[in-house]
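Have a look at upload.json; it's JSON, C-alpha atoms:
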```json
[["chain", "number", "residue", "atom", "x", "y", "z"],
["A", 1, "MET", "CA", -24.92, -42.29, -104.84],
["A", 2, "ASN", "CA", -25.19, -45.78, -103.39],
["A", 3, "GLU", "CA", -21.69, -46.54, -104.63],
["A", 4, "ASN", "CA", -20.25, -43.49, -102.83],
["A", 5, "LYS", "CA", -21.96, -44.49, -99.62],
["A", 6, "ALA", "CA", -20.53, -47.98, -99.96],
["A", 7, "LEU", "CA", -17.05, -46.56, -100.41],
["A", 8, "GLU", "CA", -17.44, -44.28, -97.39],
["A", 9, "THR", "CA", -18.65, -47.20, -95.31],
["A", 10, "SER", "CA", -15.79, -49.43, -96.38],
["A", 11, "GLY", "CA", -13.31, -46.60, -95.73],
["A", 12, "ALA", "CA", -14.66, -46.06, -92.20],
["A", 13, "LYS", "CA", -13.95, -49.67, -91.35],
["A", 14, "GLN", "CA", -10.27, -49.20, -92.16],
["A", 15, "TRP", "CA", -9.62, -47.00, -89.11],
["A", 16, "THR", "CA", -7.78, -48.88, -86.37],
["A", 17, "LYS", "CA", -7.96, -46.17, -83.66],
["A", 18, "VAL", "CA", -10.60, -43.60, -82.80],
["A", 19, "ILE", "CA", -9.54, -40.65, -80.60],
["A", 20, "THR", "CA", -12.34, -39.33, -78.40],
["A", 21, "ALA", "CA", -12.51, -36.93, -75.47],
["A", 22, "LYS", "CA", -12.29, -38.43, -72.00],
["A", 23, "LYS", "CA", -15.71, -37.91, -70.47],
["A", 24, "ARG", "CA", -15.52, -40.02, -67.31],
["A", 25, "LEU", "CA", -13.33, -39.27, -64.29],
["A", 26, "LEU", "CA", -11.82, -42.76, -64.24],
["A", 27, "ASP", "CA", -11.37, -42.97, -68.00],
["A", 28, "LEU", "CA", -7.56, -43.19, -67.81],
["A", 29, "HIS", "CA", -6.96, -44.83, -71.23],
["A", 30, "LEU", "CA", -4.04, -46.88, -69.90],
["A", 31, "ARG", "CA", -4.38, -49.18, -72.89],
["A", 32, "ASP", "CA", -3.21, -46.29, -75.10],
["A", 33, "VAL", "CA", 0.02, -46.08, -73.10],
["A", 34, "TRP", "CA", 0.73, -49.72, -73.91],
["A", 35, "ASP", "CA", -0.05, -49.14, -77.58],
["A", 36, "TYR", "CA", 2.50, -46.29, -77.60],
["A", 37, "ARG", "CA", 5.19, -48.18, -75.69],
["A", 38, "TYR", "CA", 7.61, -47.61, -78.57],
["A", 39, "LEU", "CA", 7.27, -43.88, -77.87],
["A", 40, "VAL", "CA", 8.32, -44.44, -74.27],
["A", 41, "LYS", "CA", 11.53, -46.07, -75.51],
["A", 42, "MET", "CA", 12.15, -43.14, -77.86],
["A", 43, "PHE", "CA", 11.67, -40.63, -75.04],
["A", 44, "ILE", "CA", 14.08, -42.53, -72.78],
["A", 45, "LYS", "CA", 16.69, -42.60, -75.53],
["A", 46, "ARG", "CA", 16.14, -38.91, -76.22],
["A", 47, "ASP", "CA", 16.59, -37.94, -72.57],
["A", 48, "PHE", "CA", 19.77, -39.99, -72.31],
["A", 49, "VAL", "CA", 21.31, -38.51, -75.46],
["A", 50, "VAL", "CA", 20.28, -34.92, -74.77],
["A", 51, "THR", "CA", 21.50, -34.99, -71.17],
["A", 52, "TYR", "CA", 25.03, -36.24, -71.89],
["A", 53, "LYS", "CA", 25.61, -35.57, -75.58],
["A", 54, "GLN", "CA", 28.11, -32.74, -75.06],
["A", 55, "THR", "CA", 29.68, -33.79, -71.77],
["A", 56, "VAL", "CA", 33.21, -35.03, -71.10],
["A", 57, "LEU", "CA", 32.43, -37.81, -68.62],
["A", 58, "GLY", "CA", 28.95, -38.68, -69.88],
["A", 59, "PRO", "CA", 27.17, -41.32, -67.75],
["A", 60, "VAL", "CA", 30.16, -41.38, -65.38],
["A", 61, "TRP", "CA", 28.50, -38.38, -63.72],
["A", 62, "TYR", "CA", 25.91, -40.85, -62.46],
["A", 63, "LEU", "CA", 28.66, -42.33, -60.31],
["A", 64, "VAL", "CA", 30.64, -39.23, -59.39],
["A", 65, "GLN", "CA", 27.74, -37.32, -57.89],
["A", 66, "PRO", "CA", 26.50, -39.91, -55.35],
["A", 67, "LEU", "CA", 30.05, -41.02, -54.54],
["A", 68, "VAL", "CA", 31.25, -37.50, -53.69],
["A", 69, "THR", "CA", 28.06, -36.83, -51.75],
["A", 70, "SER", "CA", 28.51, -40.05, -49.76],
["A", 71, "ILE", "CA", 32.10, -39.17, -48.91],
["A", 72, "MET", "CA", 30.93, -35.77, -47.67],
["A", 73, "TYR", "CA", 28.27, -37.44, -45.51],
["A", 74, "MET", "CA", 30.92, -39.79, -44.13],
["A", 75, "PHE", "CA", 32.96, -36.84, -42.94],
["A", 76, "ILE", "CA", 30.10, -34.68, -41.63],
["A", 77, "PHE", "CA", 27.68, -37.20, -40.13],
["A", 78, "GLY", "CA", 29.98, -40.17, -39.60],
["A", 79, "ARG", "CA", 33.08, -38.45, -38.24],
["A", 80, "LEU", "CA", 32.05, -35.04, -36.92],
["A", 81, "ALA", "CA", 28.50, -35.73, -35.74],
["A", 82, "ASN", "CA", 29.29, -39.37, -34.88],
["A", 83, "VAL", "CA", 25.94, -40.64, -36.14],
["A", 84, "GLY", "CA", 25.72, -44.43, -36.01],
["A", 85, "THR", "CA", 24.95, -46.64, -39.00],
["A", 86, "ASP", "CA", 23.79, -49.86, -37.26],
["A", 87, "GLY", "CA", 27.20, -51.44, -37.88],
["A", 88, "VAL", "CA", 27.11, -50.90, -41.66],
["A", 89, "PRO", "CA", 30.32, -49.46, -43.19],
["A", 90, "PHE", "CA", 29.94, -45.73, -43.73],
["A", 91, "ILE", "CA", 30.38, -45.73, -47.48],
["A", 92, "LEU", "CA", 27.79, -48.48, -48.01],
["A", 93, "PHE", "CA", 25.29, -46.85, -45.69],
["A", 94, "TYR", "CA", 25.48, -43.35, -47.14],
["A", 95, "PHE", "CA", 25.83, -44.41, -50.77],
["A", 96, "ALA", "CA", 22.67, -46.53, -50.64],
["A", 97, "GLY", "CA", 20.68, -43.76, -48.95],
["A", 98, "THR", "CA", 21.92, -41.15, -51.41],
["A", 99, "MET", "CA", 21.24, -43.42, -54.40],
["A", 100, "LEU", "CA", 17.65, -44.16, -53.41],
["A", 101, "TRP", "CA", 16.83, -40.61, -52.34],
["A", 102, "THR", "CA", 18.26, -39.18, -55.58],
["A", 103, "TYR", "CA", 16.14, -41.60, -57.58],
["A", 104, "PHE", "CA", 13.02, -40.55, -55.68],
["A", 105, "THR", "CA", 13.63, -36.81, -56.01],
["A", 106, "SER", "CA", 14.55, -37.16, -59.70],
["A", 107, "CYS", "CA", 11.23, -38.88, -60.44],
["A", 108, "LEU", "CA", 9.39, -36.34, -58.32],
["A", 109, "THR", "CA", 10.87, -33.17, -59.81],
["A", 110, "SER", "CA", 10.91, -34.34, -63.43],
["A", 111, "CYS", "CA", 7.30, -35.58, -63.34],
["A", 112, "SER", "CA", 6.17, -32.38, -61.64],
["A", 113, "ALA", "CA", 7.47, -30.43, -64.67],
["A", 114, "THR", "CA", 5.75, -32.64, -67.26],
["A", 115, "PHE", "CA", 3.25, -30.07, -68.51],
["A", 116, "SER", "CA", 5.56, -27.05, -68.46],
["A", 117, "ALA", "CA", 8.47, -28.91, -70.09],
["A", 118, "ASN", "CA", 6.36, -30.44, -72.88],
["A", 119, "GLN", "CA", 3.74, -27.76, -73.49],
["A", 120, "ALA", "CA", 4.96, -27.13, -77.07],
["A", 121, "VAL", "CA", 4.66, -30.81, -78.01],
["A", 122, "PHE", "CA", 1.45, -31.45, -76.07],
["A", 123, "GLY", "CA", -0.26, -28.59, -77.82],
["A", 124, "LYS", "CA", 0.48, -29.82, -81.35],
["A", 125, "VAL", "CA", 0.66, -33.61, -81.52],
["A", 126, "TYR", "CA", -1.59, -36.29, -80.07],
["A", 127, "PHE", "CA", -0.10, -39.12, -78.07],
["A", 128, "PRO", "CA", -0.91, -40.43, -74.57],
["A", 129, "ARG", "CA", 0.46, -37.78, -72.22],
["A", 130, "LEU", "CA", 1.32, -40.38, -69.62],
["A", 131, "THR", "CA", 4.10, -41.67, -71.87],
["A", 132, "SER", "CA", 6.17, -38.61, -71.00],
["A", 133, "PRO", "CA", 6.34, -39.05, -67.17],
["A", 134, "ILE", "CA", 6.67, -42.83, -67.57],
["A", 135, "ALA", "CA", 9.63, -42.36, -69.90],
["A", 136, "THR", "CA", 11.17, -39.86, -67.49],
["A", 137, "CYS", "CA", 10.98, -42.33, -64.62],
["A", 138, "GLY", "CA", 12.39, -45.04, -66.90],
["A", 139, "PHE", "CA", 15.35, -42.79, -67.65],
["A", 140, "HIS", "CA", 16.00, -42.37, -63.93],
["A", 141, "VAL", "CA", 15.82, -46.15, -63.47],
["A", 142, "ILE", "CA", 18.79, -46.45, -65.85],
["A", 143, "LYS", "CA", 20.73, -43.99, -63.72],
["A", 144, "LEU", "CA", 19.80, -45.95, -60.60],
["A", 145, "LEU", "CA", 20.99, -49.24, -62.07],
["A", 146, "ILE", "CA", 24.36, -47.73, -63.02],
["A", 147, "GLN", "CA", 24.77, -46.46, -59.46],
["A", 148, "PHE", "CA", 23.67, -49.82, -58.08],
["A", 149, "ALA", "CA", 26.46, -51.49, -60.08],
["A", 150, "LEU", "CA", 28.99, -49.28, -58.29],
["A", 151, "LEU", "CA", 27.33, -50.08, -54.98],
["A", 152, "ALA", "CA", 27.77, -53.79, -55.76],
["A", 153, "VAL", "CA", 31.49, -53.24, -56.34],
["A", 154, "ILE", "CA", 31.83, -51.36, -53.05],
["A", 155, "PHE", "CA", 29.82, -54.10, -51.34],
["A", 156, "LEU", "CA", 32.13, -56.85, -52.61],
["A", 157, "HIS", "CA", 35.21, -54.85, -51.58],
["A", 158, "ALA", "CA", 33.81, -54.38, -48.07],
["A", 159, "VAL", "CA", 32.96, -58.08, -47.66],
["A", 160, "PHE", "CA", 36.01, -59.77, -49.21],
["A", 161, "ILE", "CA", 38.75, -57.17, -48.70],
["A", 162, "GLN", "CA", 37.77, -55.33, -45.54],
["A", 163, "LYS", "CA", 36.07, -58.43, -44.05],
["A", 164, "ALA", "CA", 33.03, -56.44, -42.99],
["A", 165, "LYS", "CA", 30.23, -58.43, -41.39],
["A", 166, "ILE", "CA", 27.26, -57.84, -43.66],
["A", 167, "ASN", "CA", 24.31, -60.18, -43.57],
["A", 168, "ILE", "CA", 22.61, -60.00, -46.94],
["A", 169, "SER", "CA", 19.30, -61.87, -47.03],
["A", 170, "TRP", "CA", 16.97, -63.33, -49.62],
["A", 171, "LEU", "CA", 14.99, -60.09, -49.41],
["A", 172, "ALA", "CA", 17.63, -58.61, -51.71],
["A", 173, "LEU", "CA", 15.79, -60.38, -54.53],
["A", 174, "THR", "CA", 12.98, -57.88, -54.03],
["A", 175, "PHE", "CA", 15.19, -55.04, -55.29],
["A", 176, "PRO", "CA", 13.12, -54.61, -58.51],
["A", 177, "LEU", "CA", 10.03, -54.19, -56.31],
["A", 178, "ILE", "CA", 11.84, -51.58, -54.21],
["A", 179, "VAL", "CA", 12.72, -49.69, -57.40],
["A", 180, "LEU", "CA", 9.09, -49.85, -58.53],
["A", 181, "TRP", "CA", 7.92, -48.82, -55.05],
["A", 182, "ILE", "CA", 10.08, -45.70, -54.94],
["A", 183, "GLY", "CA", 9.43, -44.85, -58.59],
["A", 184, "LEU", "CA", 5.67, -44.95, -58.06],
["A", 185, "LEU", "CA", 5.98, -42.79, -54.96],
["A", 186, "GLY", "CA", 8.08, -40.13, -56.67],
["A", 187, "GLY", "CA", 6.26, -40.29, -59.99],
["A", 188, "SER", "CA", 2.75, -40.16, -58.53],
["A", 189, "MET", "CA", 3.60, -37.24, -56.27],
["A", 190, "GLY", "CA", 5.13, -35.52, -59.29],
["A", 191, "LEU", "CA", 1.93, -36.07, -61.31],
["A", 192, "ILE", "CA", -0.14, -34.53, -58.53],
["A", 193, "ILE", "CA", 2.13, -31.51, -58.33],
["A", 194, "SER", "CA", 2.25, -31.12, -62.11],
["A", 195, "SER", "CA", -1.54, -31.00, -62.17],
["A", 196, "LEU", "CA", -1.53, -28.22, -59.60],
["A", 197, "THR", "CA", 1.38, -26.14, -60.91],
["A", 198, "THR", "CA", -0.42, -25.45, -64.20],
["A", 199, "LYS", "CA", -2.56, -23.01, -62.18],
["A", 200, "TYR", "CA", -0.34, -22.30, -59.20],
["A", 201, "ARG", "CA", 3.23, -21.70, -60.37],
["A", 202, "ASP", "CA", 4.59, -20.85, -56.93],
["A", 203, "LEU", "CA", 4.25, -24.52, -55.96],
["A", 204, "ASN", "CA", 7.52, -25.10, -57.84],
["A", 205, "ILE", "CA", 9.31, -22.98, -55.25],
["A", 206, "LEU", "CA", 7.65, -24.92, -52.46],
["A", 207, "LEU", "CA", 8.65, -28.19, -54.12],
["A", 208, "ALA", "CA", 12.35, -27.26, -54.27],
["A", 209, "PHE", "CA", 12.24, -26.21, -50.62],
["A", 210, "GLY", "CA", 10.33, -29.31, -49.58],
["A", 211, "VAL", "CA", 12.75, -31.70, -51.31],
["A", 212, "GLN", "CA", 15.68, -30.24, -49.39],
["A", 213, "LEU", "CA", 13.92, -30.56, -46.05],
["A", 214, "GLY", "CA", 12.45, -33.95, -46.93],
["A", 215, "MET", "CA", 15.86, -35.62, -46.96],
["A", 216, "TYR", "CA", 16.37, -34.84, -43.27],
["A", 217, "ALA", "CA", 12.88, -36.16, -42.48],
["A", 218, "THR", "CA", 13.85, -39.44, -44.19],
["A", 219, "PRO", "CA", 16.46, -41.91, -42.84],
["A", 220, "VAL", "CA", 18.99, -41.14, -45.57],
["A", 221, "VAL", "CA", 21.97, -39.99, -43.48],
["A", 222, "TYR", "CA", 20.88, -41.75, -40.29],
["A", 223, "PRO", "CA", 19.23, -45.08, -39.46],
["A", 224, "LEU", "CA", 15.74, -45.18, -38.03],
["A", 225, "SER", "CA", 17.14, -46.67, -34.81],
["A", 226, "GLN", "CA", 19.01, -43.42, -34.09],
["A", 227, "LEU", "CA", 15.76, -41.56, -33.53],
["A", 228, "PRO", "CA", 14.22, -41.51, -30.05],
["A", 229, "PRO", "CA", 11.38, -44.05, -29.72],
["A", 230, "LYS", "CA", 8.90, -41.21, -29.26],
["A", 231, "LEU", "CA", 9.81, -39.77, -32.67],
["A", 232, "GLN", "CA", 10.13, -42.97, -34.69],
["A", 233, "TRP", "CA", 6.39, -43.21, -35.31],
["A", 234, "LEU", "CA", 6.44, -39.66, -36.66],
["A", 235, "ALA", "CA", 9.25, -40.51, -39.09],
["A", 236, "CYS", "CA", 7.35, -43.58, -40.23],
["A", 237, "LEU", "CA", 4.52, -41.35, -41.46],
["A", 238, "ASN", "CA", 6.90, -40.45, -44.27],
["A", 239, "PRO", "CA", 6.18, -43.06, -47.01],
["A", 240, "MET", "CA", 9.82, -42.93, -48.17],
["A", 241, "CYS", "CA", 11.04, -44.14, -44.80],
["A", 242, "ALA", "CA", 9.91, -47.73, -45.39],
["A", 243, "PRO", "CA", 11.59, -48.51, -48.76],
["A", 244, "ILE", "CA", 14.96, -47.05, -47.71],
["A", 245, "GLU", "CA", 14.96, -48.90, -44.40],
["A", 246, "PHE", "CA", 13.73, -52.05, -46.15],
["A", 247, "PHE", "CA", 16.66, -51.83, -48.59],
["A", 248, "ARG", "CA", 19.16, -51.76, -45.71],
["A", 249, "ILE", "CA", 17.49, -54.71, -44.05],
["A", 250, "ALA", "CA", 17.57, -56.70, -47.29],
["A", 251, "PHE", "CA", 21.16, -55.95, -48.34],
["A", 252, "TYR", "CA", 22.93, -55.21, -45.05],
["A", 253, "GLY", "CA", 20.90, -57.09, -42.46],
["A", 254, "ALA", "CA", 20.76, -53.88, -40.42],
["A", 255, "GLY", "CA", 17.77, -52.01, -39.06],
["A", 256, "HIS", "CA", 14.24, -52.90, -38.12],
["A", 257, "LEU", "CA", 10.93, -52.13, -39.76],
["A", 258, "ASP", "CA", 7.54, -52.93, -38.27],
["A", 259, "GLN", "CA", 5.09, -54.65, -40.57],
["A", 260, "SER", "CA", 2.57, -51.86, -40.11],
["A", 261, "VAL", "CA", 5.08, -49.29, -41.36],
["A", 262, "TRP", "CA", 5.77, -50.85, -44.74],
["A", 263, "ILE", "CA", 2.14, -51.84, -45.22],
["A", 264, "SER", "CA", 1.06, -48.23, -44.64],
["A", 265, "SER", "CA", 3.76, -47.05, -47.05],
["A", 266, "VAL", "CA", 2.59, -49.46, -49.76],
["A", 267, "ALA", "CA", -1.01, -48.37, -49.17],
["A", 268, "ALA", "CA", 0.01, -44.72, -49.45],
["A", 269, "THR", "CA", 1.83, -45.52, -52.70],
["A", 270, "VAL", "CA", -1.28, -47.13, -54.18],
["A", 271, "VAL", "CA", -3.49, -44.21, -53.15],
["A", 272, "LEU", "CA", -1.03, -41.59, -54.44],
["A", 273, "THR", "CA", -0.62, -43.44, -57.73],
["A", 274, "PHE", "CA", -4.37, -43.60, -58.28],
["A", 275, "LEU", "CA", -4.83, -39.96, -57.29],
["A", 276, "GLY", "CA", -1.94, -38.86, -59.51],
["A", 277, "LEU", "CA", -3.34, -40.69, -62.54],
["A", 278, "VAL", "CA", -6.81, -39.24, -62.04],
["A", 279, "LEU", "CA", -5.61, -35.65, -61.58],
["A", 280, "PHE", "CA", -3.13, -35.88, -64.44],
["A", 281, "THR", "CA", -5.71, -37.31, -66.84],
["A", 282, "LYS", "CA", -8.29, -34.73, -65.81],
["A", 283, "ASN", "CA", -5.86, -31.83, -66.14],
["A", 284, "GLU", "CA", -4.45, -32.84, -69.53],
["A", 285, "ARG", "CA", -7.76, -32.00, -71.19],
["A", 286, "ASN", "CA", -7.44, -28.24, -70.72],
["A", 287, "PHE", "CA", -3.89, -27.55, -69.56],
["A", 288, "VAL", "CA", -3.00, -25.82, -72.87],
["A", 289, "ASP", "CA", -5.57, -23.12, -72.10],
["A", 290, "VAL", "CA", -4.25, -22.62, -68.59],
["A", 291, "ILE", "CA", -0.47, -22.95, -68.74]]
```

So, in terms of structure tokens, how does the structure I just supplied come out?
Amino acid sequence: MNENKALETSGAKQWTKVITAKKRLLDLHLRDVWDYRYLVKMFIKRDFVVTYKQTVLGPVWYLVQPLVTSIMYMFIFGRLANVGTDGVPFILFYFAGTMLWTYFTSCLTSCSATFSANQAVFGKVYFPRLTSPIATCGFHVIKLLIQFALLAVIFLHAVFIQKAKINISWLALTFPLIVLWIGLLGGSMGLIISSLTTKYRDLNILLAFGVQLGMYATPVVYPLSQLPPKLQWLACLNPMCAPIEFFRIAFYGAGHLDQSVWISSVAATVVLTFLGLVLFTKNERNFVDVI
């Protein structure tokens, strides 16, 4: 009897991980996400392969979509509506806005569908649920970087061939922070919505409608300077206004952004990220019974 107890005791010490229920509101278990970082890489690879496995152009679609959209904006807003771009060449102005806005909406919509898209896997296998939205945002970062490479080519053509006067500054080195900034905004808002849509499915319809309207409330196809001074403060309440305008200041030397605007946007990003993590972690405990 004593020998069996000794074996049981020695066997218990061999476990390297103990899975327990999350009992506290702020028990986010972020350490588990780091331990499963290999799974994040697998999810990113899976999303990339599944998305373009049976396509003709493959990742080239990453370039075609924003380029065609930018050309359309050039014709509609640049030529017909005669909307100014603060002296930035049309293609550079609209391509950057489209690239950043697409990245934001992709993180938002994909993270908002985390529970519904992975309910079969979540209900059978244990792994940190946060790995799924993190991997999704990582996949969209790859798309963004491919589009940014095309933007760099267009930028060099405008500067050295067309002799456009573009004043790039040292703030361009903060591009990785801008990517993180926008990714956290879109991802955290997506986590909040995903936690609500498990009970209220009609929020998905509202999300699709809100994304379409949100682009026109964000300086994507127009610079912030084109708005009347009385309305600029209202536009700055949108947290996506600051990173897009900051990108144009950093890479084009065009535009103006008050310090209070980007500070409030960063603060909103921190609050939304914290709120998204708390709601997502709380909802993952019983979403299988609800969804």

Show which residues sit within 8 Å of Ser112 (chain A), as a JSON list (two decimals) with C-alpha atoms, keeping the file's coordinate frame. Count only C-alpha atoms, and ignore same-chain residues fewer than 2 positions away.
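Ended up saving to result.json:
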```json
[["chain", "number", "residue", "atom", "x", "y", "z"],
["A", 108, "LEU", "CA", 9.39, -36.34, -58.32],
["A", 109, "THR", "CA", 10.87, -33.17, -59.81],
["A", 110, "SER", "CA", 10.91, -34.34, -63.43],
["A", 114, "THR", "CA", 5.75, -32.64, -67.26],
["A", 115, "PHE", "CA", 3.25, -30.07, -68.51],
["A", 189, "MET", "CA", 3.60, -37.24, -56.27],
["A", 190, "GLY", "CA", 5.13, -35.52, -59.29],
["A", 191, "LEU", "CA", 1.93, -36.07, -61.31],
["A", 192, "ILE", "CA", -0.14, -34.53, -58.53],
["A", 193, "ILE", "CA", 2.13, -31.51, -58.33],
["A", 194, "SER", "CA", 2.25, -31.12, -62.11],
["A", 195, "SER", "CA", -1.54, -31.00, -62.17],
["A", 197, "THR", "CA", 1.38, -26.14, -60.91]]
```

When you count all atoms listed in the file, which of these residues is closest to Asp258 (chain A): A:Trp233, A:Ile244, A:Asn204, A:Gly187?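 So, comparing all the options, the nearest one is A:Trp233.
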
I'd like the interatomic distance between CA of Arg248 (chain A) and CA of Val60 (chain A), to a tenth of an Å. 24.8 Å

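Put simply, CA of Ser116 (chain A) is 23.0 Å away from CA of Tyr38 (chain A).
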
Who sits within 6 Å of region 128-141 of chain A, all atoms listed in the file, same chain under 2 positions skipped, as a PyMOL selection string: chain A and resi 33+40+43-44+107+111+143-144

Using only C-alpha atoms - which residues lie no farther than 12 Å from the point (19.8, -60.8, -53.9) in the file's frame? Write them as number ranges by chain. A: 152, 167-176, 247, 249-252

How far is it from CA of Val88 (chain A) to CA of Ala158 (chain A), in Å with one decimal?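 Result for CA of Val88 (chain A) versus CA of Ala158 (chain A): 9.9 Å, one decimal.
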
Between A:Pro219, A:Pro89, A:Gly186, A:Pro59, which is the closest to Ile142 (chain A) once you count only C-alpha atoms?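 When distances to Ile142 (chain A) are compared using only C-alpha atoms, the smallest one comes from A:Pro59.
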
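In terms of minimum interatomic distance to Ile263 (chain A), A:Trp181 ranks closest within A:Trp181, A:Val220, A:Lys230, A:Tyr52, counting all atoms listed in the file.
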